[in-house]
Each structure stands twice: as C-alpha cells, then as structure tokens.
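For reference, the structure is listed below as structure tokens.
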Amino acid sequence: MRVGTFVLAAQFPGQGQGEALHRAVRSAEVAEEAGLDSVWLAEHHFVPYGVCPSAVTLAALLLGRTRRIRVGTAVSVLPGVHPVALGEQAALLHVTSGGRFSLGVGRGGPWVDLEVFGAGLEAYESGFPEALDLLLRWLREPAVGAASKRFSFREVAVVPRPDELIGGQGGPETVVACTSARTVRLAAERALPMLLGMHCGDQEKAEMVAFWRRCALEAGHCPDTVADVAHVSAGVAQIASSAADASELLLKSMPGWLRQGLDAHITVDGRVRVMRDPLAYTEMLCGLHPVGPPRLAADRLAATAERTGIRRFALLVEGSGELSATEENIRRLGEDVLPLLT
C-alpha cells in the first residue's frame with residue numbers, strides 16, 4: 001500500500017497566503033522524512049481554497065528539496081494551459097528528477113480562470129479529450145504536429161524527450177482526475193489511472209473502478225494492462241488519540257476554510273452554484289476517511305483498499321490549518337499508521 005499526502009496550500013481564515021505556501025512546502029519535506037510514498041499538489045486560481053496557482057511549478061521546487069519521495073500534480077488544470085507547454089514541463093521534471101514526477105491532469109471547473117487565460121468555456125465543456133490526447137502524444141512521440149480548430153502547428157521536435165531518462169524508460173505517469181462517467185471512460189480508453197476525490201465513499205469509488213475496467217477492456221486493452229493500472233484515492237487524514245479528538249479538531253478548523261474558499265469561486269458564465277454545507281461536509285469526511293487513532297486510520301485505509309482495489313492514497317493532512325499540527329499529523333501517519341498496513 002502506498003500512502004501519500006494531498007497538499008492544497010489551503011489559506012485558512014486569518015492566515016496569509018505566504019503562510020499557506022510555507023506549510024505546503026514543509027508538508028512535503030516532512031512527508032519524505034516520515035517515510036510516506038508521495039506528495040500530490042492541488043492547483044487553484046484566484047481563491048483561498050488553495051493558493052497554489054501552478055502545481056507543476058511547486059512540484060519543481062519540491063523535487064529539488066527532496067531526494068526520494070514521488071511528487072505529483074493533483075491536478076494541473078488542462079483547459080487553462082497549452083498541452084504542449086505542460087508536456088514540456090512534465091518531461092523536464094520527469095528527466096531531471098530521475099522519474100519521481102507524476103502528472104495529474106483534470107478539467108477543472110467552469111470558473112473565471114477560463115476567461116482570464118483566454119481558453120473559453122468550450123475548452124472546459126468539450127475540449128478536454130483533444131487537449132489530453134495532444135498532451136499524451138507529446139509525452140510519447142519524438143515529434144508532434146497538430147491540425148485542428150483549437151490546436152494547429154507544424155511538426156516540431158519534442159525536447160526534452162521524456163524517454164531520455166537515464167536508466168529508465170518511457171515518460172512520466174499521467175493520472176486523470178475523474179468525477180463523472182464521461183471522464184472515467186476517457187481515462188479508461190487511454191488506460192490512464194484515475195484520481196478519485198475525497199468526497200466519494202468506498203462504494204462510489206468501487207463502482208467507478210469497475211466501470212473503468214469494463215471500458216478499458218472494451219477499448220481493447222489487454223487484461224494484464226488493465227489489472228496493473230494503479231488508481232489513486234484522495235481522502236483526509238487526521239491522527240489523534242481518539243476519533244472524537246481528531247474529528248473535533250477538523251470540525252473547528254475546516255468549515256471556516258471551506259466556507260471562505262468555496263464561496264470565492266466565480267463561474268465564467270454566471271451559472272448558479274450550489275455549495276455544500278461546510279460543517280456537514282467536514283462531518284462526512286471525518287466519517288469516510290482515516291480520522292482517529294492509528295489503528296482506526298489503518299483499518300479505514302485497509303477497508304478502502306479491500307472494497308475498491310485502490311492501494312494508493314493521497315491524504316489531506318493540513319486540515320488543522322496549523323503548521324506544527326500538520327507536521328505532527330504527517331509524522332504520526334508515517335510512524336504510527338504505516339507500520340500497521342501491509
């Protein structure tokens with residue numbers, strides 16, 4: 001089982017953005033010290049929900065600060081960037097880090113980002129498959145050209161080539177954030193692993209994995225390939241002496257952050273948004289994920305693995321909003337929970 005952290009660089013009420021980013025960097029450094037498998041970095045624009053606007057840039061910093069741990073984006077928002085530009089950055093990090101970089105991509109939302117970066121609503125609503133395929137071509141072929149309405153350019157050489165990794169083969173792992181059947185099918189047809197959100201319970205994740213497998217087999221991928229794909233389950237982790245103590249800490253801190261952060265999202269076309277109740281959402285997360293003493297946390301991770309078949313985890317560890325508490329939470333995850341997992 002591979003347990004990693006999910007870092008949002010969340011700006012809690014009363015905090016500055018620099019404080020949130022410093023906590024994000026320290027989270028990665030402590031995760032490596034604690035023996036965790038990976039660090040997954042979220043990307044958001046113009047909102048305090050997460051103040052990292054470029055997951056791939058922060059990944060570059062953290063790959064330079066660490067030596068062993070895998071660093072991934074969860075996710076780079078593909079509609080807002082040119083796939084070739086993102087592909088070049090991913091290849092660079094893959095080669096220079098010795099293969100420790102994972103590229104997670106997603107559609108994002110219908111947010112004002114699409115207006116600011118000039119992508120337009122169409123890039124979000126219908127352009128994701130084309131952008132993903134161009135990105136994958138860049139990561140797999142020696143030269144790439146395009147001739148579509150959105151992407152049109154002469155063939156150019158891929159530099160640096162992702163397969164130039166010394167002592168390794170192929171390009172960086174590419175993971176797709178999936179929240180709908182359409183995106184699950186898209187990932188399955190390309191045999192790409194899914195990143196499944198922390199709002200989903202085990203039953204929903206199990207159903208998405210089963211649907212992914214059916215779609216992958218229907219697309220002609222061999223059973224061995226389908227069986228070997230390693231999906232990632234996002235969740236929340238808070239380790240304490242009791243489940244009540246862990247939940248109490250998160251219920252004091254997370255609703256304020258969620259209310260402030262989610263309220264700040266602005267839709268590009270004025271569509272009405274329905275926001276989750278922050279307190280009820282926090283309570284739900286505490287019930288779904290490893291929130292409590294080490295034995296309970298390990299049991300919940302093992303249960304999720306058993307029910308869904310997913311054995312990779314990206315766990316939000318900054319739910320307290322405090323640097324020292326976040327560092328202690330990560331250390332307990334590594335020292336007290338990991339030894340209980342097989």
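Starting from 1 in every chain, residues are counted up; chains themselves are A, B, ... following the order of the structure tokens, and ligands are numbered from 1 as listed.
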Can you write out as JSON lines which residues of segment 20-43 of chain A fall within 8 Å of segment 320-334 of chain A, alongside each residue's closest atom pair and its distance in Å to one decimal, counting only C-alpha atoms and ordering rows by chain and ascending residue number?
{"residue": "A:Arg23", "atom": "CA", "partner": "A:Leu323", "partner_atom": "CA", "distance": 5.6}
{"residue": "A:Arg26", "atom": "CA", "partner": "A:Glu327", "partner_atom": "CA", "distance": 7.6}
{"residue": "A:Ser27", "atom": "CA", "partner": "A:Glu327", "partner_atom": "CA", "distance": 6.4}
{"residue": "A:Val30", "atom": "CA", "partner": "A:Glu327", "partner_atom": "CA", "distance": 6.4}
{"residue": "A:Ala31", "atom": "CA", "partner": "A:Ile330", "partner_atom": "CA", "distance": 6.1}
{"residue": "A:Ala34", "atom": "CA", "partner": "A:Gly334", "partner_atom": "CA", "distance": 4.9}
{"residue": "A:Gly35", "atom": "CA", "partner": "A:Gly334", "partner_atom": "CA", "distance": 5.8}
{"residue": "A:Leu36", "atom": "CA", "partner": "A:Gly334", "partner_atom": "CA", "distance": 6.0}
Taking N, CA, C and O atoms for each residue, export the selection above as a compact mmCIF listing (two decimals), in the first residue's frame.
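Result saved to out-v2.txt:
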# COMPACT_ATOMS: atom_id res chain seq x y z
N ARG A 23 3.52 26.24 4.70
CA ARG A 23 3.02 24.98 5.25
C ARG A 23 3.00 23.90 4.18
O ARG A 23 3.31 22.73 4.46
N ARG A 26 6.65 22.70 3.72
CA ARG A 26 7.06 21.90 4.87
C ARG A 26 6.35 20.54 4.90
O ARG A 26 6.93 19.54 5.31
N SER A 27 5.10 20.51 4.46
CA SER A 27 4.36 19.25 4.41
C SER A 27 5.10 18.22 3.57
O SER A 27 5.20 17.05 3.93
N VAL A 30 8.44 17.10 5.36
CA VAL A 30 8.18 16.20 6.49
C VAL A 30 7.65 14.86 6.00
O VAL A 30 7.94 13.81 6.58
N ALA A 31 6.86 14.86 4.92
CA ALA A 31 6.35 13.61 4.37
C ALA A 31 7.49 12.70 3.94
O ALA A 31 7.44 11.48 4.15
N ALA A 34 9.11 11.28 7.02
CA ALA A 34 8.25 10.31 7.71
C ALA A 34 8.10 9.01 6.94
O ALA A 34 7.43 8.08 7.42
N GLY A 35 8.70 8.92 5.76
CA GLY A 35 8.65 7.68 5.00
C GLY A 35 7.42 7.49 4.13
O GLY A 35 7.16 6.37 3.68
N LEU A 36 6.67 8.57 3.89
CA LEU A 36 5.49 8.45 3.03
C LEU A 36 5.91 8.29 1.57
O LEU A 36 7.05 8.58 1.19
Shell of 12 Å around His82 of chain A, only C-alpha atoms, local chain residues under 6 positions omitted, as an mmCIF file with N, CA, C and O atoms, in the first residue's frame:
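Dumped to selection-v6.cif:
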data_model
loop_
_atom_site.group_PDB
_atom_site.id
_atom_site.type_symbol
_atom_site.label_atom_id
_atom_site.label_comp_id
_atom_site.auth_asym_id
_atom_site.auth_seq_id
_atom_site.Cartn_x
_atom_site.Cartn_y
_atom_site.Cartn_z
ATOM 1 N N SER A 76 -2.966 19.448 -12.452
ATOM 2 C CA SER A 76 -2.775 20.574 -13.355
ATOM 3 C C SER A 76 -4.048 20.709 -14.180
ATOM 4 O O SER A 76 -4.525 19.734 -14.765
ATOM 5 N N GLU A 88 6.014 19.850 -22.033
ATOM 6 C CA GLU A 88 7.436 20.185 -21.917
ATOM 7 C C GLU A 88 7.854 20.257 -20.450
ATOM 8 O O GLU A 88 8.918 19.741 -20.066
ATOM 9 N N GLN A 89 7.033 20.890 -19.628
ATOM 10 C CA GLN A 89 7.352 20.995 -18.201
ATOM 11 C C GLN A 89 7.377 19.618 -17.543
ATOM 12 O O GLN A 89 8.278 19.316 -16.745
ATOM 13 N N PHE A 117 -7.480 33.372 -18.742
ATOM 14 C CA PHE A 117 -6.431 32.762 -19.551
ATOM 15 C C PHE A 117 -6.830 32.610 -21.025
ATOM 16 O O PHE A 117 -6.055 32.083 -21.824
ATOM 17 N N GLY A 118 -8.017 33.049 -21.367
ATOM 18 C CA GLY A 118 -8.426 33.075 -22.766
ATOM 19 C C GLY A 118 -8.829 31.745 -23.355
ATOM 20 O O GLY A 118 -8.983 31.624 -24.573
ATOM 21 N N ALA A 119 -9.037 30.731 -22.508
ATOM 22 C CA ALA A 119 -9.377 29.411 -23.035
ATOM 23 C C ALA A 119 -10.834 29.338 -23.476
ATOM 24 O O ALA A 119 -11.167 28.666 -24.456
ATOM 25 N N ALA A 123 -13.401 25.085 -23.917
ATOM 26 C CA ALA A 123 -12.240 24.279 -23.516
ATOM 27 C C ALA A 123 -12.581 23.387 -22.338
ATOM 28 O O ALA A 123 -12.072 22.264 -22.219
ATOM 29 N N GLY A 127 -13.500 20.478 -24.753
ATOM 30 C CA GLY A 127 -12.148 20.434 -25.288
ATOM 31 C C GLY A 127 -11.161 19.545 -24.560
ATOM 32 O O GLY A 127 -10.024 19.363 -25.017
ATOM 33 N N PHE A 128 -11.570 18.972 -23.412
ATOM 34 C CA PHE A 128 -10.619 18.206 -22.606
ATOM 35 C C PHE A 128 -10.065 16.980 -23.327
ATOM 36 O O PHE A 128 -8.849 16.744 -23.284
ATOM 37 N N GLU A 130 -9.476 16.359 -26.526
ATOM 38 C CA GLU A 130 -8.483 16.734 -27.530
ATOM 39 C C GLU A 130 -7.195 17.213 -26.869
ATOM 40 O O GLU A 130 -6.084 16.850 -27.298
ATOM 41 N N ALA A 131 -7.328 18.024 -25.824
ATOM 42 C CA ALA A 131 -6.145 18.524 -25.128
ATOM 43 C C ALA A 131 -5.373 17.377 -24.475
ATOM 44 O O ALA A 131 -4.135 17.341 -24.521
ATOM 45 N N LEU A 132 -6.075 16.427 -23.890
ATOM 46 C CA LEU A 132 -5.420 15.284 -23.255
ATOM 47 C C LEU A 132 -4.670 14.453 -24.289
ATOM 48 O O LEU A 132 -3.520 14.036 -24.056
ATOM 49 N N ASP A 133 -5.275 14.210 -25.434
ATOM 50 C CA ASP A 133 -4.620 13.399 -26.450
ATOM 51 C C ASP A 133 -3.378 14.082 -27.006
ATOM 52 O O ASP A 133 -2.364 13.417 -27.279
ATOM 53 N N LEU A 134 -3.423 15.398 -27.163
ATOM 54 C CA LEU A 134 -2.234 16.118 -27.617
ATOM 55 C C LEU A 134 -1.137 16.037 -26.566
ATOM 56 O O LEU A 134 0.047 15.827 -26.896
ATOM 57 N N LEU A 135 -1.494 16.181 -25.312
ATOM 58 C CA LEU A 135 -0.514 16.051 -24.229
ATOM 59 C C LEU A 135 0.128 14.669 -24.238
ATOM 60 O O LEU A 135 1.360 14.538 -24.137
ATOM 61 N N TRP A 138 2.607 14.246 -26.970
ATOM 62 C CA TRP A 138 3.862 14.936 -26.666
ATOM 63 C C TRP A 138 4.737 14.101 -25.729
ATOM 64 O O TRP A 138 5.963 14.101 -25.845
ATOM 65 N N ARG A 150 -8.631 24.176 -32.716
ATOM 66 C CA ARG A 150 -8.062 24.747 -31.499
ATOM 67 C C ARG A 150 -6.541 24.686 -31.491
ATOM 68 O O ARG A 150 -5.875 25.625 -31.061
ATOM 69 N N PHE A 151 -5.966 23.587 -31.960
ATOM 70 C CA PHE A 151 -4.513 23.424 -31.952
ATOM 71 C C PHE A 151 -4.035 23.188 -33.377
ATOM 72 O O PHE A 151 -4.389 22.175 -33.993
ATOM 73 N N SER A 152 -3.258 24.097 -33.868
ATOM 74 C CA SER A 152 -2.753 23.968 -35.240
ATOM 75 C C SER A 152 -1.325 24.487 -35.300
ATOM 76 O O SER A 152 -1.068 25.677 -35.078
#
What residues in segment 104-257 of chain A get the DSSP label alpha helix (DSSP H)? Please answer as a ChimeraX atom specification. /A:113-116,121-125,128-140,181-189,202-218,223-228,243-257
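Among the candidates A:His199, A:Arg182, A:Arg312, A:Met284, the residue lying nearest to Trp40 of chain A is A:Arg312 (atoms considered: only C-alpha atoms).
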Segment 286-331 of chain A near segment 41-50 of chain A within 12 Å: what's each residue's closest atom pair and its distance in Å to one decimal, counting only C-alpha atoms, ordered by chain then ascending residue number, as a tab-separated table?
residue	atom	partner	partner_atom	distance
A:Ala314	CA	A:Leu41	CA	9.5
A:Leu315	CA	A:Leu41	CA	10.9
A:Leu316	CA	A:Leu41	CA	10.2
A:Glu318	CA	A:Gly50	CA	11.4
A:Gly319	CA	A:Tyr49	CA	11.9
A:Gly321	CA	A:Tyr49	CA	11.8
Generate the output file for the selected residues, N, CA and C atoms, as a JSON list (two decimals), in the first residue's frame.
[["chain", "number", "residue", "atom", "x", "y", "z"],
["A", 314, "ALA", "N", -3.84, 9.60, -1.50],
["A", 314, "ALA", "CA", -3.39, 10.98, -1.38],
["A", 314, "ALA", "C", -4.25, 11.62, -0.30],
["A", 315, "LEU", "N", -3.68, 11.85, 0.88],
["A", 315, "LEU", "CA", -4.45, 12.23, 2.06],
["A", 315, "LEU", "C", -4.18, 13.67, 2.47],
["A", 316, "LEU", "N", -5.27, 14.43, 2.58],
["A", 316, "LEU", "CA", -5.18, 15.81, 3.06],
["A", 316, "LEU", "C", -4.79, 15.80, 4.53],
["A", 318, "GLU", "N", -3.49, 18.76, 6.16],
["A", 318, "GLU", "CA", -3.39, 20.13, 6.68],
["A", 318, "GLU", "C", -4.72, 20.65, 7.22],
["A", 319, "GLY", "N", -5.63, 19.73, 7.57],
["A", 319, "GLY", "CA", -6.97, 20.13, 7.99],
["A", 319, "GLY", "C", -7.02, 20.96, 9.25],
["A", 321, "GLY", "N", -5.02, 23.43, 9.80],
["A", 321, "GLY", "CA", -4.67, 24.79, 9.41],
["A", 321, "GLY", "C", -3.43, 25.32, 10.09]]
For Met1 of chain A, please output as a list of chain:residue names all residues within 8 Å (counting only C-alpha atoms; exclusion window: fewer than 2 positions along the same chain). A:Val3, A:Arg311, A:Arg312, A:Leu341, A:Thr342
Name all residues at most 10 Å from Val236 of chain A (count only C-alpha atoms; drop same-chain ones fewer than 6 positions away) and give them as an NGL selection string. :A and (5-6 or 198-199 or 250 or 282 or 285-291 or 313-319)
Write out as a CSV table (one decimal) with N, CA, C and O atoms, in the first residue's frame all residues of segment 130-179 of chain A that DSSP puts in strand (DSSP E or B) for this structure's backbone.
chain,number,residue,atom,x,y,z
A,143,ALA,N,8.3,13.6,-32.3
A,143,ALA,CA,7.9,14.8,-32.9
A,143,ALA,C,6.4,14.9,-33.0
A,143,ALA,O,5.7,13.9,-33.2
A,144,VAL,N,5.8,16.1,-32.9
A,144,VAL,CA,4.4,16.3,-32.8
A,144,VAL,C,4.0,17.5,-33.6
A,144,VAL,O,4.6,18.6,-33.6
A,145,GLY,N,2.9,17.4,-34.4
A,145,GLY,CA,2.2,18.5,-35.0
A,145,GLY,C,0.7,18.4,-34.8
A,145,GLY,O,0.2,17.4,-34.3
A,146,ALA,N,0.0,19.4,-35.1
A,146,ALA,CA,-1.5,19.4,-34.9
A,146,ALA,C,-2.2,20.2,-36.0
A,146,ALA,O,-1.6,21.2,-36.5
A,147,ALA,N,-3.4,19.8,-36.3
A,147,ALA,CA,-4.1,20.5,-37.4
A,147,ALA,C,-5.6,20.4,-37.0
A,147,ALA,O,-6.4,19.8,-37.7
A,152,SER,N,-3.3,24.1,-33.9
A,152,SER,CA,-2.8,24.0,-35.2
A,152,SER,C,-1.3,24.5,-35.3
A,152,SER,O,-1.1,25.7,-35.1
A,153,PHE,N,-0.4,23.6,-35.6
A,153,PHE,CA,1.0,24.0,-35.7
A,153,PHE,C,1.8,22.9,-36.4
A,153,PHE,O,1.4,21.7,-36.5
A,154,ARG,N,2.9,23.3,-37.1
A,154,ARG,CA,3.7,22.4,-37.9
A,154,ARG,C,4.4,21.4,-36.9
A,154,ARG,O,4.5,21.7,-35.7
A,155,GLU,N,4.9,20.3,-37.5
A,155,GLU,CA,5.5,19.3,-36.6
A,155,GLU,C,6.8,19.9,-36.1
A,155,GLU,O,7.6,20.5,-36.8
A,156,VAL,N,7.0,19.7,-34.8
A,156,VAL,CA,8.2,20.1,-34.1
A,156,VAL,C,8.8,19.0,-33.3
A,156,VAL,O,8.0,18.0,-32.9
A,157,ALA,N,10.0,19.0,-33.0
A,157,ALA,CA,10.7,18.0,-32.2
A,157,ALA,C,10.3,18.2,-30.7
A,157,ALA,O,10.2,19.3,-30.2
A,173,GLU,N,4.3,9.2,-15.5
A,173,GLU,CA,3.0,8.7,-15.3
A,173,GLU,C,2.0,9.8,-15.4
A,173,GLU,O,2.2,11.0,-15.0
A,174,THR,N,0.9,9.5,-16.1
A,174,THR,CA,-0.2,10.5,-16.3
A,174,THR,C,-1.5,10.0,-15.7
A,174,THR,O,-1.9,8.9,-16.0
A,175,VAL,N,-2.0,10.8,-14.8
A,175,VAL,CA,-3.2,10.4,-14.0
A,175,VAL,C,-4.3,11.4,-14.3
A,175,VAL,O,-4.1,12.6,-14.5
A,176,VAL,N,-5.6,10.9,-14.4
A,176,VAL,CA,-6.7,11.8,-14.7
A,176,VAL,C,-7.7,11.9,-13.6
A,176,VAL,O,-8.1,10.9,-13.1
A,177,ALA,N,-8.0,13.1,-13.1
A,177,ALA,CA,-9.0,13.3,-12.1
A,177,ALA,C,-10.4,13.0,-12.7
A,177,ALA,O,-10.7,13.6,-13.7
A,178,CYS,N,-11.1,12.1,-12.1
A,178,CYS,CA,-12.4,11.7,-12.6
A,178,CYS,C,-13.5,12.0,-11.6
A,178,CYS,O,-13.5,11.5,-10.5
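In terms of minimum interatomic distance to Ala305 of chain A, A:Gln203 ranks closest within A:Thr66, A:Thr183, A:Gln203, A:Gln238, counting only C-alpha atoms.
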Write out as a PyMOL selection string each polymer residue whose atoms come within 9 Å of Met275 of chain A, counting only C-alpha atoms; drop sequence neighbours fewer than 4 positions from it. chain A and resi 259+262-263
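Between atom CA of Ile266 of chain A and atom CA of Asp113 of chain A the separation is 8.8 Å.
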May I have the residues within 10 Å of Leu251 of chain A as JSON, numbers by chain, using only C-alpha atoms and disregarding those fewer than 2 positions away in the same chain? {"A": [245, 246, 247, 248, 249, 253, 254, 255, 256, 278, 279, 280, 281, 282, 283, 286, 319, 320]}
Keeping N, CA, C and O atoms for every residue in the selection just given, could you write it to a file as a PDB file, in the first residue's frame?
ATOM      1  N   ASP A 245     -11.412  13.184  19.272  1.00  0.00           N
ATOM      2  CA  ASP A 245     -10.431  14.278  19.292  1.00  0.00           C
ATOM      3  C   ASP A 245     -10.065  14.704  17.877  1.00  0.00           C
ATOM      4  O   ASP A 245      -9.961  15.907  17.582  1.00  0.00           O
ATOM      5  N   ALA A 246      -9.846  13.739  17.002  1.00  0.00           N
ATOM      6  CA  ALA A 246      -9.467  14.057  15.631  1.00  0.00           C
ATOM      7  C   ALA A 246     -10.596  14.803  14.918  1.00  0.00           C
ATOM      8  O   ALA A 246     -10.366  15.810  14.234  1.00  0.00           O
ATOM      9  N   SER A 247     -11.809  14.328  15.074  1.00  0.00           N
ATOM     10  CA  SER A 247     -12.960  14.977  14.428  1.00  0.00           C
ATOM     11  C   SER A 247     -13.189  16.369  14.995  1.00  0.00           C
ATOM     12  O   SER A 247     -13.490  17.315  14.255  1.00  0.00           O
ATOM     13  N   GLU A 248     -13.046  16.517  16.300  1.00  0.00           N
ATOM     14  CA  GLU A 248     -13.249  17.825  16.929  1.00  0.00           C
ATOM     15  C   GLU A 248     -12.279  18.859  16.361  1.00  0.00           C
ATOM     16  O   GLU A 248     -12.659  20.001  16.075  1.00  0.00           O
ATOM     17  N   LEU A 249     -11.018  18.456  16.176  1.00  0.00           N
ATOM     18  CA  LEU A 249     -10.030  19.382  15.627  1.00  0.00           C
ATOM     19  C   LEU A 249     -10.433  19.838  14.223  1.00  0.00           C
ATOM     20  O   LEU A 249     -10.395  21.029  13.908  1.00  0.00           O
ATOM     21  N   SER A 253     -11.753  23.688  12.483  1.00  0.00           N
ATOM     22  CA  SER A 253     -10.924  24.427  11.522  1.00  0.00           C
ATOM     23  C   SER A 253     -11.420  24.372  10.079  1.00  0.00           C
ATOM     24  O   SER A 253     -11.413  25.384   9.377  1.00  0.00           O
ATOM     25  N   MET A 254     -11.861  23.206   9.636  1.00  0.00           N
ATOM     26  CA  MET A 254     -12.149  23.041   8.208  1.00  0.00           C
ATOM     27  C   MET A 254     -13.385  23.779   7.702  1.00  0.00           C
ATOM     28  O   MET A 254     -13.365  24.322   6.591  1.00  0.00           O
ATOM     29  N   PRO A 255     -14.494  23.851   8.457  1.00  0.00           N
ATOM     30  CA  PRO A 255     -15.663  24.551   7.911  1.00  0.00           C
ATOM     31  C   PRO A 255     -15.396  26.012   7.551  1.00  0.00           C
ATOM     32  O   PRO A 255     -15.883  26.505   6.523  1.00  0.00           O
ATOM     33  N   GLY A 256     -14.628  26.715   8.371  1.00  0.00           N
ATOM     34  CA  GLY A 256     -14.313  28.106   8.061  1.00  0.00           C
ATOM     35  C   GLY A 256     -13.509  28.233   6.783  1.00  0.00           C
ATOM     36  O   GLY A 256     -13.748  29.132   5.954  1.00  0.00           O
ATOM     37  N   PRO A 278     -20.546  23.492   4.721  1.00  0.00           N
ATOM     38  CA  PRO A 278     -19.178  23.191   5.168  1.00  0.00           C
ATOM     39  C   PRO A 278     -19.104  22.282   6.389  1.00  0.00           C
ATOM     40  O   PRO A 278     -18.237  21.403   6.454  1.00  0.00           O
ATOM     41  N   LEU A 279     -20.004  22.500   7.362  1.00  0.00           N
ATOM     42  CA  LEU A 279     -19.958  21.666   8.561  1.00  0.00           C
ATOM     43  C   LEU A 279     -20.370  20.229   8.250  1.00  0.00           C
ATOM     44  O   LEU A 279     -19.700  19.268   8.664  1.00  0.00           O
ATOM     45  N   ALA A 280     -21.453  20.065   7.500  1.00  0.00           N
ATOM     46  CA  ALA A 280     -21.912  18.721   7.143  1.00  0.00           C
ATOM     47  C   ALA A 280     -20.881  18.004   6.276  1.00  0.00           C
ATOM     48  O   ALA A 280     -20.676  16.788   6.416  1.00  0.00           O
ATOM     49  N   TYR A 281     -20.224  18.751   5.396  1.00  0.00           N
ATOM     50  CA  TYR A 281     -19.207  18.150   4.529  1.00  0.00           C
ATOM     51  C   TYR A 281     -18.020  17.667   5.356  1.00  0.00           C
ATOM     52  O   TYR A 281     -17.501  16.568   5.154  1.00  0.00           O
ATOM     53  N   THR A 282     -17.601  18.476   6.332  1.00  0.00           N
ATOM     54  CA  THR A 282     -16.495  18.075   7.204  1.00  0.00           C
ATOM     55  C   THR A 282     -16.862  16.842   8.001  1.00  0.00           C
ATOM     56  O   THR A 282     -16.048  15.912   8.157  1.00  0.00           O
ATOM     57  N   GLU A 283     -18.076  16.798   8.521  1.00  0.00           N
ATOM     58  CA  GLU A 283     -18.533  15.623   9.260  1.00  0.00           C
ATOM     59  C   GLU A 283     -18.512  14.383   8.378  1.00  0.00           C
ATOM     60  O   GLU A 283     -18.110  13.299   8.823  1.00  0.00           O
ATOM     61  N   CYS A 286     -14.925  13.183   7.912  1.00  0.00           N
ATOM     62  CA  CYS A 286     -14.424  12.524   9.128  1.00  0.00           C
ATOM     63  C   CYS A 286     -14.936  11.088   9.218  1.00  0.00           C
ATOM     64  O   CYS A 286     -14.240  10.196   9.732  1.00  0.00           O
ATOM     65  N   GLY A 319      -5.631  19.730   7.572  1.00  0.00           N
ATOM     66  CA  GLY A 319      -6.969  20.129   7.989  1.00  0.00           C
ATOM     67  C   GLY A 319      -7.024  20.958   9.253  1.00  0.00           C
ATOM     68  O   GLY A 319      -8.009  21.657   9.502  1.00  0.00           O
ATOM     69  N   SER A 320      -5.974  20.906  10.069  1.00  0.00           N
ATOM     70  CA  SER A 320      -5.920  21.736  11.278  1.00  0.00           C
ATOM     71  C   SER A 320      -5.671  23.196  10.945  1.00  0.00           C
ATOM     72  O   SER A 320      -6.010  24.091  11.719  1.00  0.00           O
TER      73      SER A 320
END
